[in-house]
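S.K.: Input structure: query_27.cif, which contains mmCIF, C-alpha atoms.
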```cif
data_final
loop_
_atom_site.label_atom_id
_atom_site.label_comp_id
_atom_site.auth_asym_id
_atom_site.auth_seq_id
_atom_site.Cartn_x
_atom_site.Cartn_y
_atom_site.Cartn_z
CA MET A 1 44.35 -56.13 -103.13
CA GLN A 2 47.15 -58.55 -102.47
CA ARG A 3 45.18 -60.10 -99.65
CA LEU A 4 42.18 -60.45 -101.90
CA ALA A 5 44.26 -62.04 -104.59
CA ARG A 6 45.85 -64.40 -102.12
CA SER A 7 42.49 -65.22 -100.64
CA ARG A 8 41.02 -65.97 -104.00
CA GLY A 9 44.00 -68.11 -104.83
CA PHE A 10 43.57 -70.06 -101.65
CA TRP A 11 39.88 -70.68 -102.16
CA ALA A 12 40.40 -71.49 -105.80
CA GLY A 13 42.97 -74.01 -104.73
CA VAL A 14 40.59 -75.55 -102.25
CA SER A 15 37.37 -75.32 -104.22
CA VAL A 16 38.60 -76.92 -107.39
CA PRO A 17 39.67 -80.22 -105.78
CA VAL A 18 36.53 -80.20 -103.67
CA ALA A 19 34.42 -79.67 -106.76
CA LEU A 20 36.25 -82.46 -108.54
CA VAL A 21 35.61 -84.86 -105.69
CA ALA A 22 31.98 -83.77 -105.51
CA ALA A 23 31.57 -84.24 -109.24
CA PHE A 24 33.11 -87.69 -108.95
CA LEU A 25 30.83 -88.65 -106.09
CA ILE A 26 27.78 -87.38 -107.92
CA TYR A 27 28.82 -89.20 -111.05
CA GLY A 28 29.62 -92.40 -109.22
CA SER A 29 26.71 -92.59 -106.85
CA VAL A 30 23.72 -90.89 -108.33
CA HIS A 31 24.60 -90.35 -111.95
CA GLY A 32 21.44 -90.87 -113.94
CA ALA A 33 17.93 -90.49 -112.69
CA ALA A 34 18.74 -88.18 -109.82
CA VAL A 35 20.71 -85.89 -112.06
CA ARG A 36 18.14 -85.59 -114.80
CA ALA A 37 15.35 -85.35 -112.28
CA GLY A 38 17.06 -82.30 -110.96
CA GLY A 39 17.40 -83.84 -107.52
CA VAL A 40 21.10 -83.30 -107.33
CA PRO A 41 22.07 -79.69 -106.93
CA VAL A 42 24.55 -78.88 -109.63
CA PRO A 43 27.07 -76.25 -108.70
CA THR A 44 27.41 -73.28 -110.97
CA GLY A 45 30.40 -71.55 -112.42
CA ASP A 46 33.70 -72.84 -113.63
CA ALA A 47 34.18 -75.06 -110.60
CA ILE A 48 31.80 -77.56 -112.17
CA ALA A 49 33.57 -77.47 -115.47
CA THR A 50 34.38 -81.13 -115.15
CA ALA A 51 30.76 -82.11 -114.86
CA ALA A 52 30.10 -82.57 -118.57
CA ALA A 53 33.56 -83.88 -119.29
CA ALA A 54 33.28 -86.39 -116.46
CA SER A 55 30.08 -87.71 -118.01
CA ILE A 56 31.63 -88.25 -121.42
CA THR A 57 33.82 -91.33 -121.23
CA ALA A 58 34.59 -91.11 -124.93
CA LEU A 59 36.86 -88.17 -124.26
CA ASN A 60 39.24 -90.62 -122.64
CA ALA A 61 38.34 -93.69 -124.64
CA THR A 62 38.95 -92.35 -128.13
CA PRO A 63 42.27 -91.26 -129.62
CA THR A 64 43.20 -87.65 -130.10
CA VAL A 65 42.81 -86.38 -133.64
CA VAL A 66 43.30 -83.11 -135.47
CA LEU A 67 40.14 -81.34 -136.54
CA PRO A 68 39.85 -80.98 -140.31
CA SER A 69 40.61 -77.54 -141.69
CA SER A 70 37.02 -77.27 -142.86
CA LEU A 71 36.14 -76.69 -139.22
CA ASN A 72 38.58 -73.81 -138.77
CA SER A 73 35.85 -71.20 -138.70
CA ALA A 74 33.90 -73.24 -136.18
CA VAL A 75 36.97 -73.48 -133.98
CA ALA A 76 37.52 -69.75 -134.34
CA GLY A 77 33.92 -69.18 -133.37
CA ILE A 78 34.63 -70.95 -130.11
CA ASN A 79 38.11 -69.60 -129.51
CA ASP A 80 37.74 -65.96 -130.52
CA ALA A 81 37.43 -63.68 -127.52
CA PRO A 82 33.79 -63.18 -126.57
CA GLY A 83 34.34 -59.55 -125.66
CA PRO A 84 33.48 -57.54 -122.59
CA ASP A 85 29.70 -57.92 -122.94
CA VAL A 86 29.82 -61.65 -122.32
CA ALA A 87 29.92 -62.91 -118.74
CA SER A 88 32.93 -65.07 -118.01
CA SER A 89 30.61 -67.85 -116.92
CA LEU A 90 29.32 -68.06 -120.50
CA ALA A 91 32.75 -68.07 -122.12
CA PRO A 92 33.65 -71.69 -122.83
CA GLY A 93 37.41 -71.27 -122.96
CA GLY A 94 39.50 -72.31 -125.90
CA VAL A 95 39.91 -75.60 -127.72
CA SER A 96 42.94 -76.96 -129.49
CA ALA A 97 42.19 -78.18 -132.99
CA SER A 98 44.97 -80.71 -132.61
CA HIS A 99 43.48 -82.29 -129.49
CA ALA A 100 40.02 -83.32 -130.60
CA HIS A 101 38.21 -86.65 -130.58
CA LEU A 102 36.39 -88.23 -133.49
CA LEU A 103 33.19 -89.55 -131.96
CA LEU A 104 31.19 -90.47 -135.06
CA SER A 105 32.27 -90.82 -138.66
CA ASP A 106 30.57 -91.42 -141.97
CA VAL A 107 27.09 -90.70 -140.66
CA GLY A 108 24.16 -89.34 -142.59
CA SER A 109 23.68 -88.89 -146.30
CA ALA A 110 26.87 -86.85 -146.67
CA GLY A 111 29.09 -89.08 -144.56
CA ASN A 112 29.47 -86.48 -141.86
CA SER A 113 31.64 -86.67 -138.78
CA VAL A 114 31.08 -85.51 -135.24
CA TYR A 115 34.01 -84.36 -133.14
CA ALA A 116 34.43 -83.19 -129.57
CA ALA A 117 37.18 -81.25 -127.87
CA SER A 118 37.70 -80.13 -124.30
CA THR A 119 38.36 -76.50 -123.60
CA ASP A 120 40.94 -75.06 -121.26
CA LYS A 121 38.05 -74.36 -118.88
CA GLY A 122 37.07 -78.01 -118.86
CA ARG A 123 33.98 -77.66 -121.01
CA VAL A 124 33.31 -79.85 -123.99
CA CYS A 125 32.65 -78.53 -127.48
CA ILE A 126 31.04 -80.39 -130.34
CA PHE A 127 31.77 -79.93 -134.02
CA GLU A 128 29.85 -81.35 -136.93
CA THR A 129 31.14 -81.48 -140.46
CA ASP A 130 29.58 -78.60 -142.36
CA GLY A 131 27.37 -77.86 -139.38
CA PRO A 132 27.19 -75.62 -136.36
CA ALA A 133 29.37 -75.92 -133.27
CA GLY A 134 28.92 -75.28 -129.59
CA CYS A 135 29.83 -76.30 -126.08
CA VAL A 136 28.39 -77.80 -122.94
CA ASN A 137 29.39 -77.15 -119.36
CA ARG A 138 27.22 -79.62 -117.51
CA PHE A 139 24.43 -82.11 -117.90
CA ASP A 140 21.44 -81.61 -115.63
CA SER A 141 17.68 -81.36 -115.80
CA SER A 142 17.85 -78.23 -117.95
CA MET A 143 20.53 -79.68 -120.20
CA PRO A 144 20.04 -83.47 -120.27
CA ILE A 145 21.85 -83.63 -123.59
CA ALA A 146 23.65 -81.02 -125.66
CA TRP A 147 22.24 -80.75 -129.15
CA MET A 148 22.34 -78.58 -132.22
CA GLY A 149 20.84 -78.85 -135.63
CA GLY A 150 20.84 -77.53 -139.13
CA TRP A 151 18.01 -76.79 -141.51
CA GLN A 152 17.78 -77.04 -145.25
CA ASN A 153 14.94 -75.59 -147.27
CA GLY A 154 12.72 -75.09 -144.27
CA SER A 155 13.11 -78.48 -142.64
CA ILE A 156 15.47 -79.88 -140.06
CA SER A 157 18.21 -81.57 -142.03
CA SER A 158 20.30 -82.97 -139.21
CA LEU A 159 20.66 -83.05 -135.46
CA ALA A 160 23.86 -83.84 -133.63
CA GLY A 161 24.83 -83.74 -130.02
CA LEU A 162 26.65 -84.99 -126.98
CA VAL A 163 25.11 -87.23 -124.35
CA PRO A 164 26.27 -88.34 -120.92
CA ASP A 165 27.29 -91.93 -120.30
CA ASP A 166 23.90 -93.06 -119.00
CA VAL A 167 22.12 -92.32 -122.27
CA VAL A 168 21.60 -95.49 -124.29
CA GLY A 169 19.37 -94.18 -127.03
CA VAL A 170 18.39 -91.04 -128.89
CA ALA A 171 15.50 -90.97 -131.31
CA LEU A 172 13.24 -88.53 -133.10
CA GLU A 173 9.51 -88.59 -132.72
CA GLU A 174 8.06 -88.17 -136.18
CA GLY A 175 4.31 -88.41 -135.95
CA SER A 176 3.48 -91.97 -135.05
CA LYS A 177 6.94 -93.12 -136.01
CA THR A 178 10.23 -93.06 -134.19
CA GLN A 179 13.57 -92.72 -135.91
CA GLN A 180 16.63 -93.87 -134.05
CA ALA A 181 19.74 -91.71 -134.16
CA THR A 182 23.19 -93.10 -134.66
CA LEU A 183 24.61 -93.15 -131.15
CA GLY A 184 28.19 -93.90 -130.21
CA ASN A 185 31.05 -92.51 -128.16
CA ASN A 186 28.69 -90.18 -126.31
CA ALA A 187 27.57 -88.56 -129.55
CA PHE A 188 24.52 -88.84 -131.74
CA TYR A 189 23.60 -87.87 -135.25
CA VAL A 190 20.34 -88.18 -137.11
CA GLU A 191 18.74 -86.88 -140.29
CA PRO A 192 14.95 -86.75 -139.95
CA SER A 193 12.87 -88.51 -142.54
CA ALA A 194 9.83 -86.40 -141.64
CA ASP A 195 9.10 -83.37 -139.50
CA PRO A 196 10.22 -84.38 -136.01
CA SER A 197 8.35 -83.06 -133.02
CA ALA A 198 10.71 -84.16 -130.25
CA ILE A 199 13.99 -85.75 -129.34
CA ILE A 200 13.43 -88.84 -127.22
CA VAL A 201 16.31 -89.64 -124.87
CA THR A 202 16.47 -93.13 -123.37
CA TYR A 203 18.53 -93.78 -120.26
CA GLU A 204 20.16 -96.99 -119.13
CA ASP A 205 17.55 -97.44 -116.41
CA GLY A 206 14.87 -97.57 -119.08
CA SER A 207 13.43 -94.13 -118.42
CA THR A 208 12.92 -91.68 -121.24
CA GLN A 209 12.80 -87.94 -121.62
CA SER A 210 11.19 -85.94 -124.41
CA LEU A 211 12.72 -82.69 -125.63
CA ALA A 212 10.39 -80.67 -127.83
CA LEU A 213 11.57 -79.49 -131.21
CA PRO A 214 10.24 -76.42 -133.04
CA SER A 215 6.77 -76.95 -134.39
CA ALA A 216 5.58 -76.40 -137.92
CA HIS A 217 4.13 -73.07 -136.82
CA GLU A 218 7.51 -71.96 -135.54
CA LYS A 219 9.14 -72.97 -138.77
CA LEU A 220 6.73 -70.73 -140.68
CA ALA A 221 7.50 -67.89 -138.31
CA LEU A 222 11.04 -67.94 -139.59
CA ASP A 223 9.81 -66.53 -142.87
CA SER A 224 8.80 -63.28 -141.22
CA ALA A 225 12.05 -62.90 -139.34
CA SER A 226 13.31 -60.04 -141.48
CA SER A 227 10.43 -57.71 -140.77
CA GLU A 228 10.33 -58.68 -137.12
CA ALA A 229 14.00 -58.12 -136.82
CA GLN A 230 13.64 -54.60 -138.12
CA SER A 231 11.31 -53.76 -135.29
CA THR A 232 13.35 -55.22 -132.47
CA PRO A 233 13.66 -52.86 -129.55
CA ASN A 234 17.40 -52.54 -129.83
CA ARG A 235 17.40 -51.43 -133.45
CA MET B 1 6.29 -63.06 -124.21
CA LYS B 2 8.41 -61.52 -121.59
CA ARG B 3 9.65 -58.15 -122.71
CA ALA B 4 13.27 -58.12 -123.63
CA VAL B 5 15.57 -55.97 -121.64
CA VAL B 6 18.01 -54.92 -124.23
CA LEU B 7 21.15 -53.52 -122.80
CA ALA B 8 23.06 -52.53 -125.87
CA SER B 9 23.67 -53.26 -129.49
CA VAL B 10 26.81 -52.90 -131.35
CA GLY B 11 25.52 -51.83 -134.66
CA LEU B 12 25.35 -48.40 -133.11
CA LEU B 13 26.71 -48.62 -129.62
CA ALA B 14 29.05 -51.43 -128.81
CA ALA B 15 32.73 -51.49 -129.38
CA ALA B 16 34.55 -53.70 -131.81
CA LEU B 17 35.96 -56.87 -130.33
CA PRO B 18 39.48 -58.17 -130.83
CA ALA B 19 40.16 -59.17 -134.38
CA THR B 20 40.51 -62.83 -135.20
CA ALA B 21 41.26 -63.16 -138.84
CA ALA B 22 43.03 -60.50 -140.82
CA ALA B 23 40.33 -57.89 -141.11
CA TYR B 24 37.39 -59.51 -139.41
CA THR B 25 36.01 -58.58 -136.04
CA TRP B 26 33.14 -59.91 -133.99
CA GLN B 27 30.50 -57.24 -133.61
CA VAL B 28 27.78 -57.38 -131.00
CA TYR B 29 24.46 -56.75 -132.71
CA ALA B 30 22.17 -57.64 -129.83
CA HIS B 31 22.66 -57.92 -126.12
CA GLY B 32 19.92 -58.45 -123.60
CA GLN B 33 18.17 -60.49 -121.01
CA ASP B 34 15.15 -62.79 -121.28
CA GLY B 35 12.77 -61.93 -124.14
CA ALA B 36 11.94 -65.45 -125.31
CA GLY B 37 10.50 -65.35 -128.80
CA GLY B 38 12.39 -62.23 -129.80
CA LYS B 39 14.33 -61.94 -133.03
CA TYR B 40 17.29 -59.61 -133.19
CA ALA B 41 19.19 -58.51 -136.26
CA THR B 42 21.98 -56.29 -137.42
CA ILE B 43 20.78 -52.84 -138.42
CA GLY B 44 21.88 -53.11 -141.99
CA TYR B 45 23.13 -55.51 -144.61
CA GLY B 46 26.73 -56.45 -145.10
CA PRO B 47 29.10 -59.31 -145.72
CA ARG B 48 28.89 -61.84 -142.89
CA GLU B 49 31.60 -64.34 -142.15
CA ASN B 50 29.97 -66.06 -139.17
CA ASN B 51 27.27 -65.66 -136.55
CA ARG B 52 27.20 -66.76 -132.89
CA VAL B 53 25.27 -66.30 -129.67
CA TYR B 54 26.36 -66.62 -126.04
CA HIS B 55 23.48 -67.63 -123.81
CA GLN B 56 22.39 -69.79 -120.91
CA GLU B 57 23.08 -73.33 -122.04
CA GLY B 58 20.03 -75.53 -122.28
CA THR B 59 17.93 -72.75 -123.77
CA LEU B 60 17.18 -72.87 -127.48
CA TRP B 61 18.51 -70.29 -129.94
CA TRP B 62 18.53 -70.02 -133.70
CA LEU B 63 20.96 -68.20 -135.98
CA TYR B 64 20.38 -67.26 -139.60
CA TYR B 65 20.63 -64.53 -142.21
CA CYS B 66 18.12 -62.39 -144.08
CA ASN B 67 18.74 -61.20 -147.61
CA THR B 68 18.20 -57.82 -149.22
CA ASP B 69 15.02 -59.02 -150.95
CA GLY B 70 13.48 -59.62 -147.54
CA SER B 71 13.77 -63.36 -147.69
CA CYS B 72 15.41 -65.16 -144.84
CA ASP B 73 17.82 -68.01 -144.75
CA VAL B 74 16.19 -71.36 -145.27
CA ASN B 75 19.23 -73.01 -143.73
CA PRO B 76 19.36 -71.71 -140.18
CA VAL B 77 21.04 -73.48 -137.31
CA MET B 78 19.66 -74.03 -133.84
CA GLY B 79 20.84 -75.49 -130.60
CA THR B 80 21.04 -75.50 -126.84
CA VAL B 81 24.83 -75.43 -126.73
CA ASN B 82 26.70 -72.34 -125.59
CA PRO B 83 27.96 -70.57 -127.49
CA LEU B 84 26.06 -71.65 -130.56
CA VAL B 85 28.30 -70.99 -133.56
CA MET B 86 26.70 -70.96 -136.99
CA ASN B 87 29.94 -71.80 -138.82
CA ARG B 88 28.69 -70.26 -142.04
CA GLY B 89 28.68 -66.84 -143.62
CA ASN B 90 26.61 -64.91 -146.11
CA GLY B 91 27.90 -62.63 -148.83
CA TYR B 92 25.55 -59.76 -148.04
CA ALA B 93 22.85 -60.06 -145.42
CA ARG B 94 21.53 -59.14 -142.03
CA ALA B 95 22.58 -61.49 -139.29
CA VAL B 96 19.76 -62.64 -137.04
CA CYS B 97 19.56 -64.42 -133.71
CA TRP B 98 16.28 -65.81 -132.46
CA ASN B 99 15.65 -66.42 -128.79
CA LYS B 100 13.27 -69.35 -128.71
CA ASN B 101 12.86 -69.89 -124.98
CA ASP B 102 15.58 -68.15 -123.01
CA ASN B 103 13.99 -66.43 -120.03
CA SER B 104 16.80 -67.59 -117.76
CA GLY B 105 17.75 -64.12 -116.64
CA VAL B 106 21.25 -64.67 -117.95
CA VAL B 107 22.43 -61.90 -120.25
CA TRP B 108 22.74 -63.12 -123.84
CA THR B 109 24.86 -61.65 -126.61
CA CYS B 110 24.56 -62.10 -130.37
CA GLN B 111 27.62 -61.41 -132.51
CA THR B 112 28.48 -61.46 -136.18
CA LEU B 113 31.94 -61.72 -137.70
CA ASP B 114 32.27 -58.86 -140.13
CA PRO B 115 35.06 -57.42 -142.24
#
```
I'd like the structure from this file rewritten - as structure tokens, please.
M.R.:
Amino acid sequence: MQRLARSRGFWAGVSVPVALVAAFLIYGSVHGAAVRAGGVPVPTGDAIATAAAASITALNATPTVVLPSSLNSAVAGINDAPGPDVASSLAPGGVSASHAHLLLSDVGSAGNSVYAASTDKGRVCIFETDGPAGCVNRFDSSMPIAWMGGWQNGSISSLAGLVPDDVVGVALEEGSKTQQATLGNNAFYVEPSADPSAIIVTYEDGSTQSLALPSAHEKLALDSASSEAQSTPNR
Amino acid sequence: MKRAVVLASVGLLAAALPATAAAYTWQVYAHGQDGAGGKYATIGYGPRENNRVYHQEGTLWWLYYCNTDGSCDVNPVMGTVNPLVMNRGNGYARAVCWNKNDNSGVVWTCQTLDP
């Protein structure tokens, strides 16, 4: 047991610096198209915890602030122990409410703010005033940006998220129109003016990526959630 | 839709998790693998302080509540972040998580913060 522990300690000591160097090299040399194209193998597990953080310059470029108390339950939702059913790889680690970063302020119709905070596992969590919260471990082809949204009265009311440094624009596709999101400090926020069908991400090399949003049909399906939920196999 | 492989649910089976606030504990109400399109809810109604899901990041999940009259929350939240934390409660409802496209093979867990 002692040998195992020692061995793990040794490899942890070696793998973490190696992973950091690798993340730096990936970020410095091929950050951008290769990453989002999925051409760069992204390591898995906590060793790549710096991947998202390394792609968010704003974490170092903005001052540290204290999260408002209105976000206490969101912070608790991140920090509270996930329990034994949750794999450690999914547990984001804890954030300190007194070491957050204000990325966007006074955005949207309610003057919302968007905050980010690093966890003790190196992941980055996003908090939106009066909105949901969540975390990101890495940016890659399956997670080009981290986003979350709220609904009001059956329509998407707001979308907020974190983007890596090479993203220069975020917009919503709304029929034949495009609505630009407020983008700054690696964060975006937007309130749709119509039913959006996709998030359009624009990169500094001019390329774009479309991320589909729930369709009108899916929105209607929400209405039947109660009855469907009653028949779920685990109930 | 790929059939969900549900491993456990706390309404009946899972153990209470460590308490956070005074008398509130996170309860697992659904726990499984794959099953994109599936909706999972607490067995019964009760006061809900919060709702969250741990899942493979990059996959889309929704969280919301359903009321005793059968109507469901018109103000759900959704996202690809992990965990997705709703950051809102409901006085008396069933908590629901909706797996929109997670067939990653990673085990997901839906939890509600209850008194």
S.K.: Listed atoms of region 37-45 of chain B, axis-aligned box, 3 Å per side: centre and edge lengths to one decimal in Å, as AutoDock Vina command-line options?
M.R.:
```
--center_x 16.8 --center_y -59.1 --center_z -136.7 --size_x 18.6 --size_y 18.5 --size_z 21.8
```
S.K.: So, counting only C-alpha atoms, which residue among B:Val85, B:Cys97, B:Val106, B:Val74 is closest to Asn50 (chain B)?
M.R.: B:Val85
S.K.: Between A:Ala198, A:Ala171, A:Ala100, A:Leu90, which residue has the minimum interatomic distance to chain B, considering only C-alpha atoms?
M.R.: A:Leu90
S.K.: Can you list, as a PyMOL selection string, every protein, DNA or RNA residue that comes within 7 Å of region 63-70 of chain A when you count all atoms listed in the file, leaving out same-chain residues fewer than 5 positions away?
M.R.: chain A and resi 97-102
S.K.: Suppose a student applies the PyMOL selection byres ((chain B and resi 58) around 10) to this structure; what residues should they get, written as a PyMOL selection string?
M.R.: (chain A and resi 136-147) or (chain B and resi 55-57+59-61+79-82+101-102+104)
S.K.: Export, as a PDB file, keeping the file's coordinate frame, the selected residues with C-alpha atoms.
M.R.:
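Everything below was put into out.pdb:
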```
ATOM      1  CA  VAL A 136      28.390 -77.800-122.940  1.00  0.00           C
ATOM      2  CA  ASN A 137      29.390 -77.150-119.360  1.00  0.00           C
ATOM      3  CA  ARG A 138      27.220 -79.620-117.510  1.00  0.00           C
ATOM      4  CA  PHE A 139      24.430 -82.110-117.900  1.00  0.00           C
ATOM      5  CA  ASP A 140      21.440 -81.610-115.630  1.00  0.00           C
ATOM      6  CA  SER A 141      17.680 -81.360-115.800  1.00  0.00           C
ATOM      7  CA  SER A 142      17.850 -78.230-117.950  1.00  0.00           C
ATOM      8  CA  MET A 143      20.530 -79.680-120.200  1.00  0.00           C
ATOM      9  CA  PRO A 144      20.040 -83.470-120.270  1.00  0.00           C
ATOM     10  CA  ILE A 145      21.850 -83.630-123.590  1.00  0.00           C
ATOM     11  CA  ALA A 146      23.650 -81.020-125.660  1.00  0.00           C
ATOM     12  CA  TRP A 147      22.240 -80.750-129.150  1.00  0.00           C
TER      13      TRP A 147
ATOM     14  CA  HIS B  55      23.480 -67.630-123.810  1.00  0.00           C
ATOM     15  CA  GLN B  56      22.390 -69.790-120.910  1.00  0.00           C
ATOM     16  CA  GLU B  57      23.080 -73.330-122.040  1.00  0.00           C
ATOM     17  CA  THR B  59      17.930 -72.750-123.770  1.00  0.00           C
ATOM     18  CA  LEU B  60      17.180 -72.870-127.480  1.00  0.00           C
ATOM     19  CA  TRP B  61      18.510 -70.290-129.940  1.00  0.00           C
ATOM     20  CA  GLY B  79      20.840 -75.490-130.600  1.00  0.00           C
ATOM     21  CA  THR B  80      21.040 -75.500-126.840  1.00  0.00           C
ATOM     22  CA  VAL B  81      24.830 -75.430-126.730  1.00  0.00           C
ATOM     23  CA  ASN B  82      26.700 -72.340-125.590  1.00  0.00           C
ATOM     24  CA  ASN B 101      12.860 -69.890-124.980  1.00  0.00           C
ATOM     25  CA  ASP B 102      15.580 -68.150-123.010  1.00  0.00           C
ATOM     26  CA  SER B 104      16.800 -67.590-117.760  1.00  0.00           C
TER      27      SER B 104
END
```
S.K.: Need the shell around region 173-176 of chain A: protein/DNA/RNA residues with any atom at most 12 Å away, counting all atoms listed in the file. Skip same-chain ones fewer than 4 positions apart. Format as a PyMOL selection string?
M.R.: chain A and resi 156+180-181+190-201+209-213+215
S.K.: Hey, can you check how far CA of Ala23 (chain B) sits from CA of Leu71 (chain A)?
M.R.: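 Rounded to one decimal, the two atoms are 19.4 Å apart.
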S.K.: Hey, can you check how far CA of Asn186 (chain A) sits from CA of Asn103 (chain B)?
M.R.: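 Straight-line distance from CA of Asn186 (chain A) to CA of Asn103 (chain B) works out to 28.6 Å.
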S.K.: On this structure, the PyMOL selection byres ((chain A) within 6 of (chain B)) would catch which residues? List them as an MDAnalysis selection string, sorted by chain and number.
M.R.: chainID A and resid 73:74 77 83 132:136 142:143 146:154 226 229 232
S.K.: Residues picked by the PyMOL selection byres ((chain A and resi 56) around 12) here, as a short mmCIF file (atom, residue, chain, number, x, y, z; two decimals) with C-alpha atoms, in the frame of the given file?
M.R.:
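What ended up in selection-v1.cif:
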```cif
data_model
loop_
_atom_site.label_atom_id
_atom_site.label_comp_id
_atom_site.auth_asym_id
_atom_site.auth_seq_id
_atom_site.Cartn_x
_atom_site.Cartn_y
_atom_site.Cartn_z
CA TYR A 27 28.82 -89.20 -111.05
CA HIS A 31 24.60 -90.35 -111.95
CA THR A 50 34.38 -81.13 -115.15
CA ALA A 51 30.76 -82.11 -114.86
CA ALA A 52 30.10 -82.57 -118.57
CA ALA A 53 33.56 -83.88 -119.29
CA ALA A 54 33.28 -86.39 -116.46
CA SER A 55 30.08 -87.71 -118.01
CA THR A 57 33.82 -91.33 -121.23
CA ALA A 58 34.59 -91.11 -124.93
CA LEU A 59 36.86 -88.17 -124.26
CA ASN A 60 39.24 -90.62 -122.64
CA ALA A 61 38.34 -93.69 -124.64
CA THR A 62 38.95 -92.35 -128.13
CA HIS A 101 38.21 -86.65 -130.58
CA LEU A 103 33.19 -89.55 -131.96
CA ALA A 116 34.43 -83.19 -129.57
CA ALA A 117 37.18 -81.25 -127.87
CA SER A 118 37.70 -80.13 -124.30
CA GLY A 122 37.07 -78.01 -118.86
CA ARG A 123 33.98 -77.66 -121.01
CA VAL A 124 33.31 -79.85 -123.99
CA CYS A 125 32.65 -78.53 -127.48
CA ILE A 126 31.04 -80.39 -130.34
CA VAL A 136 28.39 -77.80 -122.94
CA ASN A 137 29.39 -77.15 -119.36
CA ARG A 138 27.22 -79.62 -117.51
CA PHE A 139 24.43 -82.11 -117.90
CA ILE A 145 21.85 -83.63 -123.59
CA ALA A 146 23.65 -81.02 -125.66
CA GLY A 161 24.83 -83.74 -130.02
CA LEU A 162 26.65 -84.99 -126.98
CA VAL A 163 25.11 -87.23 -124.35
CA PRO A 164 26.27 -88.34 -120.92
CA ASP A 165 27.29 -91.93 -120.30
CA ASP A 166 23.90 -93.06 -119.00
CA VAL A 167 22.12 -92.32 -122.27
CA GLY A 184 28.19 -93.90 -130.21
CA ASN A 185 31.05 -92.51 -128.16
CA ASN A 186 28.69 -90.18 -126.31
CA ALA A 187 27.57 -88.56 -129.55
#
```
S.K.: Suppose you want the space between CA of Ala87 (chain A) and CA of Asn99 (chain B); what is it in Å?
M.R.: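 Calculated distance between CA of Ala87 (chain A) and CA of Asn99 (chain B) is 17.8 Å.
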S.K.: For Ser155 (chain A), which residue among A:Ser89, A:Gly108, A:Pro214, A:Gly206 is the nearest when counting all atoms listed in the file?
M.R.: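 Under the stated criterion, the closest residue is A:Pro214.
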S.K.: Just want the 12 Å neighbourhood of Asp106 (chain A), counted on all atoms listed in the file, with same-chain residues fewer than 2 positions away dropped. Output as a list in words.
M.R.: Leu102, Leu103, Leu104, Gly108, Ser109, Ala110, Gly111, Asn112, Ser113, Val114, Tyr115, Glu128, Thr129, Thr182, Tyr189 and Val190 of chain A
